[in-house]
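First up is the structure itself, then whatever we jot down about it.
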Amino acid sequence: MAKIELSLAPSKAKGLSEDERLELGRLLLKAGYRVDIVRRRPNANPGTQYEYYMILDKGDSNA
C-alpha cells in the first residue's frame, strides 16, 4: 500500500495538541499502520508556526 500523508492543523489554528497527535498515532499503530509524525516549517520566516504531518504506511504484517 502507498504511503498516506495527513496534514494536521497547527495548534494555533485550534489543531491537535502534542498529546492528541501522539494519541492518534498510538491508535493508528494499534490498527496496524506504521506512523511517522513530521514537523515542517512552511517557509524560512523564523516566526512562523510549524506544520505537522502524519505519514502512514500499512505494510505487510511480516515486518
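Identifiers in the C-alpha cells: chain A, B, ... in order shown; residue index from 1 per chain; ligand index from 1 in order shown.
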Write out as an mmCIF file with all heavy atoms, in the first residue's frame each polymer residue whose atoms come within 7 Å of range 26-42 of chain A, counting only C-alpha atoms; drop sequence neighbours fewer than 2 positions from it.
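Result file follows (around20.cif):
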```cif
data_model
loop_
_atom_site.group_PDB
_atom_site.id
_atom_site.type_symbol
_atom_site.label_atom_id
_atom_site.label_comp_id
_atom_site.auth_asym_id
_atom_site.auth_seq_id
_atom_site.Cartn_x
_atom_site.Cartn_y
_atom_site.Cartn_z
ATOM 1 N N LEU A 22 -0.001 12.443 19.536
ATOM 2 C CA LEU A 22 0.588 11.174 19.981
ATOM 3 C C LEU A 22 -0.483 10.110 20.206
ATOM 4 O O LEU A 22 -0.285 8.940 19.860
ATOM 5 C CB LEU A 22 1.409 11.394 21.253
ATOM 6 C CG LEU A 22 2.673 12.234 21.069
ATOM 7 C CD1 LEU A 22 3.324 12.514 22.418
ATOM 8 C CD2 LEU A 22 3.642 11.556 20.135
ATOM 9 N N GLU A 23 -1.607 10.497 20.772
ATOM 10 C CA GLU A 23 -2.696 9.538 20.991
ATOM 11 C C GLU A 23 -3.247 9.025 19.666
ATOM 12 O O GLU A 23 -3.516 7.831 19.512
ATOM 13 C CB GLU A 23 -3.806 10.176 21.830
ATOM 14 C CG GLU A 23 -4.925 9.229 22.190
ATOM 15 C CD GLU A 23 -4.471 8.036 23.033
ATOM 16 O OE1 GLU A 23 -3.469 8.152 23.771
ATOM 17 O OE2 GLU A 23 -5.133 6.986 22.940
ATOM 18 N N LEU A 24 -3.405 9.907 18.695
ATOM 19 C CA LEU A 24 -3.856 9.492 17.369
ATOM 20 C C LEU A 24 -2.849 8.525 16.754
ATOM 21 O O LEU A 24 -3.220 7.502 16.175
ATOM 22 C CB LEU A 24 -4.051 10.711 16.468
ATOM 23 C CG LEU A 24 -4.475 10.441 15.031
ATOM 24 C CD1 LEU A 24 -5.796 9.667 14.978
ATOM 25 C CD2 LEU A 24 -4.583 11.743 14.264
ATOM 26 N N GLN A 49 4.679 29.281 12.605
ATOM 27 C CA GLN A 49 4.412 28.040 13.325
ATOM 28 C C GLN A 49 4.792 26.843 12.465
ATOM 29 O O GLN A 49 4.737 26.900 11.243
ATOM 30 C CB GLN A 49 2.919 27.950 13.647
ATOM 31 C CG GLN A 49 2.431 28.981 14.614
ATOM 32 C CD GLN A 49 2.210 28.371 15.978
ATOM 33 O OE1 GLN A 49 1.831 27.223 16.072
ATOM 34 N NE2 GLN A 49 2.458 29.126 17.007
ATOM 35 N N TYR A 50 5.158 25.771 13.131
ATOM 36 C CA TYR A 50 5.426 24.535 12.413
ATOM 37 C C TYR A 50 4.122 23.916 11.943
ATOM 38 O O TYR A 50 3.078 24.094 12.563
ATOM 39 C CB TYR A 50 6.144 23.521 13.311
ATOM 40 C CG TYR A 50 7.583 23.846 13.559
ATOM 41 C CD1 TYR A 50 8.002 24.378 14.768
ATOM 42 C CD2 TYR A 50 8.541 23.600 12.584
ATOM 43 C CE1 TYR A 50 9.331 24.661 14.999
ATOM 44 C CE2 TYR A 50 9.873 23.881 12.801
ATOM 45 C CZ TYR A 50 10.269 24.408 14.014
ATOM 46 O OH TYR A 50 11.570 24.681 14.232
ATOM 47 N N GLU A 51 4.210 23.183 10.846
ATOM 48 C CA GLU A 51 3.085 22.388 10.372
ATOM 49 C C GLU A 51 3.424 20.934 10.663
ATOM 50 O O GLU A 51 4.562 20.499 10.470
ATOM 51 C CB GLU A 51 2.872 22.584 8.871
ATOM 52 C CG GLU A 51 2.403 23.976 8.518
ATOM 53 C CD GLU A 51 2.242 24.185 7.022
ATOM 54 O OE1 GLU A 51 2.633 23.294 6.238
ATOM 55 O OE2 GLU A 51 1.743 25.248 6.650
ATOM 56 N N TYR A 52 2.459 20.182 11.140
ATOM 57 C CA TYR A 52 2.666 18.786 11.493
ATOM 58 C C TYR A 52 1.968 17.888 10.488
ATOM 59 O O TYR A 52 0.857 18.177 10.047
ATOM 60 C CB TYR A 52 2.144 18.508 12.902
ATOM 61 C CG TYR A 52 2.975 19.184 13.962
ATOM 62 C CD1 TYR A 52 2.685 20.463 14.390
ATOM 63 C CD2 TYR A 52 4.072 18.547 14.502
ATOM 64 C CE1 TYR A 52 3.456 21.095 15.339
ATOM 65 C CE2 TYR A 52 4.851 19.159 15.462
ATOM 66 C CZ TYR A 52 4.544 20.435 15.880
ATOM 67 O OH TYR A 52 5.313 21.063 16.820
ATOM 68 N N TYR A 53 2.634 16.803 10.152
ATOM 69 C CA TYR A 53 2.106 15.822 9.209
ATOM 70 C C TYR A 53 2.256 14.447 9.824
ATOM 71 O O TYR A 53 3.199 14.180 10.565
ATOM 72 C CB TYR A 53 2.879 15.849 7.883
ATOM 73 C CG TYR A 53 2.751 17.151 7.158
ATOM 74 C CD1 TYR A 53 3.626 18.196 7.405
ATOM 75 C CD2 TYR A 53 1.739 17.346 6.231
ATOM 76 C CE1 TYR A 53 3.500 19.403 6.745
ATOM 77 C CE2 TYR A 53 1.612 18.556 5.556
ATOM 78 C CZ TYR A 53 2.496 19.573 5.823
ATOM 79 O OH TYR A 53 2.367 20.768 5.171
ATOM 80 N N MET A 54 1.331 13.590 9.513
ATOM 81 C CA MET A 54 1.403 12.200 9.928
ATOM 82 C C MET A 54 1.508 11.379 8.650
ATOM 83 O O MET A 54 0.677 11.510 7.753
ATOM 84 C CB MET A 54 0.149 11.830 10.721
ATOM 85 C CG MET A 54 0.336 10.671 11.631
ATOM 86 S SD MET A 54 -1.091 10.477 12.716
ATOM 87 C CE MET A 54 -0.542 11.414 14.116
ATOM 88 N N ILE A 55 2.562 10.592 8.545
ATOM 89 C CA ILE A 55 2.773 9.748 7.378
ATOM 90 C C ILE A 55 2.467 8.314 7.785
ATOM 91 O O ILE A 55 3.062 7.779 8.717
ATOM 92 C CB ILE A 55 4.210 9.886 6.851
ATOM 93 C CG1 ILE A 55 4.459 11.350 6.477
ATOM 94 C CG2 ILE A 55 4.438 8.968 5.667
ATOM 95 C CD1 ILE A 55 5.875 11.670 6.139
ATOM 96 N N LEU A 56 1.493 7.724 7.089
ATOM 97 C CA LEU A 56 1.008 6.384 7.422
ATOM 98 C C LEU A 56 1.390 5.401 6.335
ATOM 99 O O LEU A 56 1.366 5.729 5.157
ATOM 100 C CB LEU A 56 -0.517 6.393 7.554
ATOM 101 C CG LEU A 56 -1.121 7.453 8.460
ATOM 102 C CD1 LEU A 56 -2.629 7.397 8.379
ATOM 103 C CD2 LEU A 56 -0.639 7.266 9.873
ATOM 104 N N ASP A 57 1.723 4.195 6.745
ATOM 105 C CA ASP A 57 2.054 3.139 5.807
ATOM 106 C C ASP A 57 1.533 1.834 6.396
ATOM 107 O O ASP A 57 1.899 1.451 7.499
ATOM 108 C CB ASP A 57 3.570 3.072 5.620
ATOM 109 C CG ASP A 57 3.978 2.087 4.543
ATOM 110 O OD1 ASP A 57 3.115 1.616 3.790
ATOM 111 O OD2 ASP A 57 5.196 1.805 4.461
ATOM 112 N N LYS A 58 0.614 1.206 5.707
ATOM 113 C CA LYS A 58 0.075 -0.069 6.174
ATOM 114 C C LYS A 58 0.729 -1.157 5.332
ATOM 115 O O LYS A 58 0.187 -1.621 4.341
ATOM 116 C CB LYS A 58 -1.439 -0.113 6.049
ATOM 117 C CG LYS A 58 -2.017 -1.354 6.677
ATOM 118 C CD LYS A 58 -3.408 -1.114 7.171
ATOM 119 C CE LYS A 58 -3.862 -2.347 7.918
ATOM 120 N NZ LYS A 58 -4.916 -2.065 8.828
#
```
Every residue of range 10-57 of chain A that DSSP places in alpha helix (DSSP H), as an MDAnalysis selection string: chainID A and resid 18:30
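In this model, the gap between CA of Gly25 in chain A and CA of Asn45 in chain A comes to 28.5 Å.
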Got a sec to tell me which of chain A DSSP assigns to strand (DSSP E), as an MDAnalysis selection string? chainID A and resid 4:8 34:40 51:57
